[in-house]
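Heads up, structure32.txt below (compact mmCIF, C-alpha atoms):
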```txt
# COMPACT_ATOMS: atom_id res chain seq x y z
CA MET A 1 -7.03 -31.38 24.12
CA SER A 2 -7.53 -30.19 27.71
CA LYS A 3 -5.23 -27.66 29.32
CA ASP A 4 -3.97 -30.22 31.83
CA SER A 5 -2.90 -32.68 29.14
CA LEU A 6 -1.34 -29.85 27.12
CA VAL A 7 0.66 -28.69 30.14
CA GLN A 8 1.79 -32.27 30.71
CA ASP A 9 2.94 -32.55 27.08
CA LEU A 10 4.81 -29.25 27.38
CA ILE A 11 6.61 -30.36 30.55
CA GLU A 12 7.50 -33.77 29.15
CA SER A 13 8.93 -32.12 26.03
CA GLY A 14 11.32 -30.06 28.17
CA ILE A 15 9.97 -26.76 26.91
CA HIS A 16 10.63 -25.13 30.30
CA PHE A 17 14.41 -25.50 30.03
CA GLY A 18 16.00 -22.23 28.94
CA GLN A 19 19.57 -21.30 28.16
CA HIS A 20 22.42 -21.03 30.65
CA SER A 21 21.91 -18.07 32.93
CA SER A 22 25.07 -16.46 31.54
CA ASN A 23 23.56 -16.51 28.05
CA TRP A 24 20.23 -14.78 28.48
CA ASN A 25 18.44 -11.69 27.25
CA PRO A 26 17.24 -9.47 30.14
CA LYS A 27 14.10 -8.69 28.12
CA MET A 28 13.03 -12.30 28.79
CA ARG A 29 13.01 -11.62 32.53
CA ARG A 30 9.22 -11.62 32.81
CA PHE A 31 9.00 -15.13 31.32
CA ILE A 32 11.59 -16.72 33.63
CA TYR A 33 10.46 -18.44 36.82
CA GLY A 34 13.82 -19.22 38.34
CA LYS A 35 17.22 -20.84 37.92
CA ARG A 36 18.47 -24.35 38.58
CA ASN A 37 21.97 -25.73 38.05
CA GLY A 38 22.92 -22.59 36.13
CA ILE A 39 20.01 -22.98 33.69
CA HIS A 40 17.05 -20.64 33.54
CA ILE A 41 13.66 -22.26 34.04
CA ILE A 42 10.86 -20.80 31.92
CA ASP A 43 7.50 -20.27 33.57
CA ILE A 44 5.12 -22.84 32.07
CA LYS A 45 2.20 -20.52 32.81
CA GLU A 46 3.70 -17.91 30.46
CA THR A 47 4.33 -20.55 27.80
CA LEU A 48 0.74 -21.77 28.00
CA LYS A 49 -0.64 -18.23 27.92
CA GLY A 50 1.37 -17.35 24.80
CA LEU A 51 0.43 -20.62 23.07
CA LEU A 52 -3.29 -20.19 23.72
CA ARG A 53 -3.20 -16.58 22.48
CA ALA A 54 -1.37 -17.72 19.36
CA LYS A 55 -3.89 -20.50 18.69
CA LYS A 56 -6.83 -18.12 19.04
CA PHE A 57 -5.26 -15.58 16.69
CA ILE A 58 -4.29 -18.15 14.06
CA ALA A 59 -7.74 -19.73 14.06
CA GLN A 60 -9.36 -16.33 13.51
CA ASN A 61 -6.78 -15.37 10.89
CA VAL A 62 -7.35 -18.56 8.86
CA ALA A 63 -11.13 -18.34 9.26
CA ASP A 64 -10.94 -14.89 7.65
CA GLY A 65 -9.34 -16.47 4.57
CA ARG A 66 -5.69 -15.67 5.21
CA ASP A 67 -2.80 -18.13 5.27
CA VAL A 68 0.08 -18.73 7.68
CA VAL A 69 3.73 -19.27 6.82
CA PHE A 70 5.95 -21.27 9.21
CA VAL A 71 9.67 -20.47 9.33
CA GLY A 72 12.27 -22.68 10.99
CA THR A 73 15.63 -23.27 9.32
CA LYS A 74 17.42 -24.86 12.27
CA ARG A 75 17.98 -28.60 12.12
CA GLN A 76 15.62 -29.40 15.01
CA ALA A 77 12.69 -27.64 13.30
CA ARG A 78 13.00 -28.78 9.68
CA LEU A 79 11.38 -32.20 9.80
CA VAL A 80 8.71 -31.03 12.24
CA LEU A 81 7.61 -28.19 9.96
CA GLN A 82 7.70 -30.26 6.78
CA GLU A 83 5.55 -33.01 8.30
CA ARG A 84 3.13 -30.99 10.41
CA VAL A 85 2.66 -28.01 8.12
CA GLY A 86 2.59 -30.14 4.98
CA ASP A 87 -0.36 -32.10 6.40
CA ILE A 88 -2.48 -28.95 6.81
CA LYS A 89 -1.46 -27.58 3.39
CA MET A 90 0.07 -24.37 4.67
CA HIS A 91 3.43 -22.83 3.76
CA TRP A 92 6.86 -23.32 5.28
CA VAL A 93 10.50 -22.31 4.91
CA THR A 94 13.00 -24.80 6.30
CA GLU A 95 16.10 -23.98 4.26
CA ARG A 96 17.79 -20.60 4.01
CA TRP A 97 15.45 -17.61 4.12
CA LEU A 98 15.98 -15.80 0.83
CA GLY A 99 16.12 -12.04 1.19
CA GLY A 100 13.01 -10.49 -0.31
CA THR A 101 10.83 -13.59 0.08
CA LEU A 102 8.05 -11.29 1.25
CA THR A 103 9.19 -7.78 0.37
CA ASN A 104 10.06 -8.80 -3.19
CA PHE A 105 7.33 -11.39 -3.53
CA ARG A 106 6.83 -10.85 -7.27
CA THR A 107 10.39 -11.99 -8.00
CA ILE A 108 9.93 -15.05 -5.79
CA ARG A 109 6.78 -15.95 -7.74
CA SER A 110 8.72 -15.63 -11.00
CA ARG A 111 11.30 -18.12 -9.72
CA LEU A 112 8.52 -20.53 -8.78
CA LYS A 113 7.09 -20.15 -12.26
CA ARG A 114 10.53 -21.05 -13.60
CA LEU A 115 10.48 -24.16 -11.40
CA GLU A 116 7.16 -25.20 -12.93
CA GLU A 117 8.64 -24.75 -16.41
CA LEU A 118 11.64 -26.93 -15.59
CA GLU A 119 9.45 -29.62 -14.04
CA ALA A 120 7.28 -29.60 -17.17
CA ILE A 121 10.36 -30.11 -19.35
CA GLU A 122 11.47 -33.00 -17.14
CA GLN A 123 8.07 -34.67 -17.39
CA THR A 124 7.83 -34.15 -21.15
CA ASP A 125 11.14 -35.54 -22.41
CA ASN A 126 13.37 -35.75 -19.32
CA PHE A 127 15.72 -33.14 -20.85
CA GLN A 128 16.57 -35.49 -23.74
CA SER A 129 16.33 -32.64 -26.27
CA TYR A 130 19.14 -30.72 -24.53
CA SER A 131 22.87 -31.28 -24.52
CA LYS A 132 24.50 -32.97 -21.54
CA LYS A 133 25.97 -29.69 -20.37
CA MET A 134 22.65 -27.84 -20.62
CA GLU A 135 20.81 -30.73 -18.97
CA SER A 136 23.18 -30.63 -16.01
CA ARG A 137 22.75 -26.87 -15.73
CA LEU A 138 18.94 -27.02 -15.85
CA ARG A 139 18.74 -29.85 -13.34
CA ARG A 140 21.02 -27.97 -10.96
CA GLU A 141 18.85 -24.86 -11.31
CA MET A 142 15.70 -26.89 -10.65
CA ARG A 143 17.16 -28.52 -7.54
CA LYS A 144 18.25 -25.17 -6.13
CA ILE A 145 14.88 -23.49 -6.60
CA LYS A 146 13.03 -26.49 -5.22
CA ARG A 147 15.26 -26.74 -2.18
CA ASN A 148 14.75 -23.11 -1.20
CA LEU A 149 11.17 -22.42 -2.31
CA ASP A 150 9.30 -25.72 -2.44
CA GLY A 151 7.50 -25.01 0.84
CA ILE A 152 5.97 -21.76 -0.43
CA ARG A 153 5.22 -22.77 -4.03
CA ASN A 154 1.46 -22.61 -3.33
CA MET A 155 1.64 -19.25 -1.54
CA HIS A 156 0.11 -16.97 -4.17
CA LYS A 157 -0.39 -14.00 -1.87
CA LEU A 158 1.27 -12.56 1.21
CA PRO A 159 0.41 -14.48 4.38
CA GLY A 160 -1.73 -13.12 7.17
CA ALA A 161 0.65 -14.33 9.89
CA MET A 162 4.12 -15.79 10.35
CA VAL A 163 5.18 -18.47 12.85
CA VAL A 164 8.91 -18.49 13.64
CA VAL A 165 11.10 -20.91 15.58
CA ASP A 166 14.14 -19.12 17.11
CA VAL A 167 14.07 -15.34 16.62
CA ASN A 168 17.87 -15.08 16.73
CA ARG A 169 18.20 -17.27 13.65
CA GLU A 170 15.30 -15.82 11.64
CA THR A 171 15.90 -12.09 12.02
CA ASN A 172 15.69 -11.44 8.26
CA ALA A 173 12.27 -13.06 8.02
CA LEU A 174 11.02 -11.13 11.05
CA ARG A 175 12.26 -7.82 9.66
CA GLU A 176 10.42 -8.39 6.39
CA ALA A 177 7.25 -9.29 8.28
CA ARG A 178 7.57 -6.16 10.42
CA LYS A 179 8.09 -3.99 7.33
CA LEU A 180 4.90 -5.36 5.74
CA GLY A 181 2.86 -5.31 8.94
CA ILE A 182 2.49 -9.11 9.10
CA PRO A 183 1.87 -10.31 12.68
CA THR A 184 4.50 -12.72 14.01
CA ILE A 185 4.21 -15.61 16.46
CA CYS A 186 7.55 -16.80 17.79
CA LEU A 187 8.87 -19.62 19.95
CA ILE A 188 11.51 -17.74 21.96
CA ASP A 189 14.21 -19.14 24.24
CA THR A 190 15.70 -17.14 27.12
CA ASP A 191 18.44 -15.76 24.84
CA GLY A 192 15.93 -14.25 22.38
CA ASP A 193 14.39 -10.81 22.04
CA PRO A 194 10.62 -10.88 22.74
CA ASP A 195 10.25 -7.46 21.09
CA MET A 196 10.73 -9.21 17.75
CA ALA A 197 7.43 -11.06 18.20
CA ASP A 198 3.86 -9.84 18.32
CA ILE A 199 2.82 -13.00 20.19
CA PRO A 200 5.80 -14.54 22.02
CA ILE A 201 5.69 -18.16 23.15
CA PRO A 202 8.53 -18.52 25.67
CA GLY A 203 10.05 -21.98 25.49
CA ASN A 204 12.99 -24.18 24.58
CA ASP A 205 13.62 -23.69 20.86
CA ASP A 206 16.44 -26.25 20.73
CA SER A 207 14.36 -29.29 21.66
CA MET A 208 12.73 -31.14 18.75
CA ARG A 209 10.01 -32.47 21.07
CA ALA A 210 9.21 -28.99 22.37
CA ILE A 211 9.05 -27.59 18.84
CA ASP A 212 6.82 -30.47 17.79
CA VAL A 213 4.30 -29.83 20.59
CA VAL A 214 4.06 -26.12 19.79
CA ILE A 215 3.78 -26.61 16.02
CA ARG A 216 1.24 -29.40 16.55
CA GLU A 217 -1.02 -27.08 18.53
CA LEU A 218 -0.66 -24.23 16.05
CA CYS A 219 -1.46 -26.57 13.16
CA ALA A 220 -4.56 -27.72 15.03
CA ALA A 221 -5.58 -24.06 15.24
CA VAL A 222 -5.11 -23.77 11.45
CA ASN A 223 -7.44 -26.72 10.95
CA ASP A 224 -10.00 -25.11 13.27
CA GLY A 225 -9.80 -21.93 11.22
CA LYS A 226 -10.25 -23.82 7.96
CA GLN A 227 -13.36 -25.53 9.30
CA ALA A 228 -14.78 -22.15 10.29
CA ARG A 229 -14.32 -20.68 6.79
CA PRO A 230 -17.67 -21.90 5.33
CA ALA A 231 -19.56 -20.61 8.37
CA LYS A 232 -17.69 -17.33 8.12
CA ARG A 233 -18.68 -16.92 4.46
CA GLU A 234 -22.30 -17.65 5.29
CA ASP A 235 -22.28 -15.07 8.07
CA ASP A 236 -20.75 -12.48 5.75
CA ALA A 237 -23.35 -13.23 3.06
CA ALA A 238 -26.17 -12.87 5.56
CA ALA A 239 -24.82 -9.59 6.91
CA SER A 240 -25.95 -6.20 5.70
CA GLY A 241 -24.63 -4.83 2.41
CA ASP A 242 -22.25 -2.41 4.11
CA ALA A 243 -18.83 -2.68 2.52
CA PRO A 244 -16.10 -3.74 4.94
CA ALA A 245 -13.45 -1.21 5.83
CA PRO A 246 -10.28 -1.62 3.76
CA ARG A 247 -7.56 -3.57 5.56
CA SER A 248 -4.59 -1.46 6.46
CA ARG A 249 -1.29 -2.62 5.06
CA ARG A 250 0.27 -2.24 8.48
CA SER A 251 -1.40 -4.17 11.27
CA SER A 252 -1.79 -2.79 14.74
CA ARG A 253 1.15 -4.59 16.32
CA ALA A 254 0.49 -3.20 19.79
CA GLN A 255 -2.55 -5.43 20.27
CA PHE A 256 -0.40 -8.54 20.12
CA LYS A 257 2.17 -7.43 22.68
CA ALA A 258 2.30 -9.30 25.97
CA ALA A 259 2.10 -7.42 29.24
CA ASP A 260 5.43 -6.22 30.57
CA ASP A 261 4.43 -5.83 34.19
CA ALA A 262 5.25 -9.34 35.42
CA PRO A 263 7.89 -9.19 38.20
CA ALA A 264 11.28 -10.78 37.70
CA VAL A 265 12.12 -13.80 39.84
CA GLU A 266 15.63 -15.22 39.80
CA THR A 267 15.26 -17.94 42.43
CA SER A 268 13.71 -21.35 42.13
CA SER A 269 11.63 -21.25 45.33
CA GLY A 270 7.98 -22.23 45.14
CA ASP A 271 6.34 -25.12 43.37
CA PRO A 272 5.02 -24.30 39.89
CA ALA A 273 4.72 -27.16 37.42
CA ALA A 274 7.82 -25.99 35.57
CA VAL A 275 10.21 -26.42 38.51
CA ALA A 276 8.46 -29.51 39.82
CA ALA A 277 9.21 -31.23 36.54
CA ALA A 278 12.73 -29.83 36.10
CA SER A 279 15.66 -32.18 36.05
CA PRO A 280 19.40 -31.81 35.30
CA GLN A 281 18.87 -33.36 31.87
CA ALA A 282 18.03 -30.25 29.88
CA SER A 283 16.63 -30.73 26.45
CA ASN A 284 18.86 -28.08 24.91
```

In structure tokens, how does this file's structure come out?
Amino acid sequence: MSKDSLVQDLIESGIHFGQHSSNWNPKMRRFIYGKRNGIHIIDIKETLKGLLRAKKFIAQNVADGRDVVFVGTKRQARLVLQERVGDIKMHWVTERWLGGTLTNFRTIRSRLKRLEELEAIEQTDNFQSYSKKMESRLRREMRKIKRNLDGIRNMHKLPGAMVVVDVNRETNALREARKLGIPTICLIDTDGDPDMADIPIPGNDDSMRAIDVVIRELCAAVNDGKQARPAKREDDAAASGDAPAPRSRRSSRAQFKAADDAPAVETSSGDPAAVAAASPQASN
């Protein structure tokens, strides 16, 4: 997809509509173009820059053999993640983020193993060998584990990156990723904290259409990375026998940070694409 068509999709999705100007985080100043009808307008150029950086990083990350986990528990993001991420066979969390999903990964894997055991019992005799009370208890346990962990049941190792929709809602997931040195890519509205993300994508995180466009592009980057995996293995096999340097547990987060030197603009003068397409009907 060309940049022009991508920009058009972003504008039509309403991704440039931020929060009310009274409900903003001053750290988002550098991503805001102006203000109209009391609503901050996000600079489409900044959104596009963050999205392209995120796509490049994800493609390289997946090509190197690492996976990506997508996190979005708000209502607008659930169906988008389940459909888009499920198609590319990556991992997602759309219900409540369980504490320790990453930092206590061994326990999470044990619960997934328990889910497999319960599903095997259901397939074998449909719980007919158990009493009614025990059957009800086991089915309830199976439903609970599946609801919370079904999206990561095939995640057998820690991911190489995390994509998050709405940093204010997913602070626990972001803190675990920061503790383990996992790079984070976040769709951040004007009320969010960009310091929580290694690669921020400023945009409307309340619009289902905006979320869909961003996740669609990131999933396309995952597919590009998967296609590059065979070529990557061939290149590694053809390289010299020097052993690669061990990967540090903590990634260098500074390399993903966006520049902070963009000036703040609080008026809507000028004619960037974001303001040209703005209308009173915000997508929030």

(Q) Between CA of Asn61 (chain A) and CA of Lys226 (chain A), what is the distance in Å, rounded to a tenth? (A)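 So the answer is 9.6 Å.
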
Q | For CA of Arg140 (chain A) and CA of Val93 (chain A), the interatomic separation in Å (one decimal) | A |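 Answer for the CA of Arg140 (chain A) to CA of Val93 (chain A) separation: 19.9 Å.
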
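Shortest separation to Arg106 (chain A) among A:Lys133, A:Asp189, A:Lys157, A:Val7 occurs at residue A:Lys157, atoms counted being all atoms listed in the file.
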
Q. Quick one, how far is CA of Asn172 (chain A) from CA of Leu118 (chain A)?
A. 28.7 Å

**Q.** Long-range neighbours of Ile121 (chain A) as a PyMOL selection string, 12 Å cut-off, only C-alpha atoms, 4 positions minimum in chain
**A.** chain A and resi 114-117+125-130+135+138-139+142

Q | For Ile39 (chain A), the nearest of the candidates A:Lys27, A:His156, A:Lys56, A:His16, counting only C-alpha atoms | A |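 Closest candidate: A:His16.
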
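Of the residues listed (A:Glu46, A:Asp224, A:Arg216, A:Asp205), A:Arg216 shows the shortest atom-to-atom separation from Leu81 (chain A); distances use only C-alpha atoms.
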
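Nearest residue to Ile185 (chain A) among A:Gly50, A:Gly100, A:Gly38, A:Gly203 is A:Gly50, counting only C-alpha atoms.
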
**Q.** Pick from A:Leu187, A:Met162, A:Ile211, A:Ala220, whichever lies nearest to Phe70 (chain A) using only C-alpha atoms
**A.**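 Among A:Leu187, A:Met162, A:Ile211, A:Ala220, it is A:Met162 that comes nearest to Phe70 (chain A).
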
Q | Contacts of Ser13 (chain A) within 7 Å, all atoms listed in the file, excl. fewer than 3 positions in-chain, as a VMD selection string | A | chain A and resid 9 to 10 209 to 210
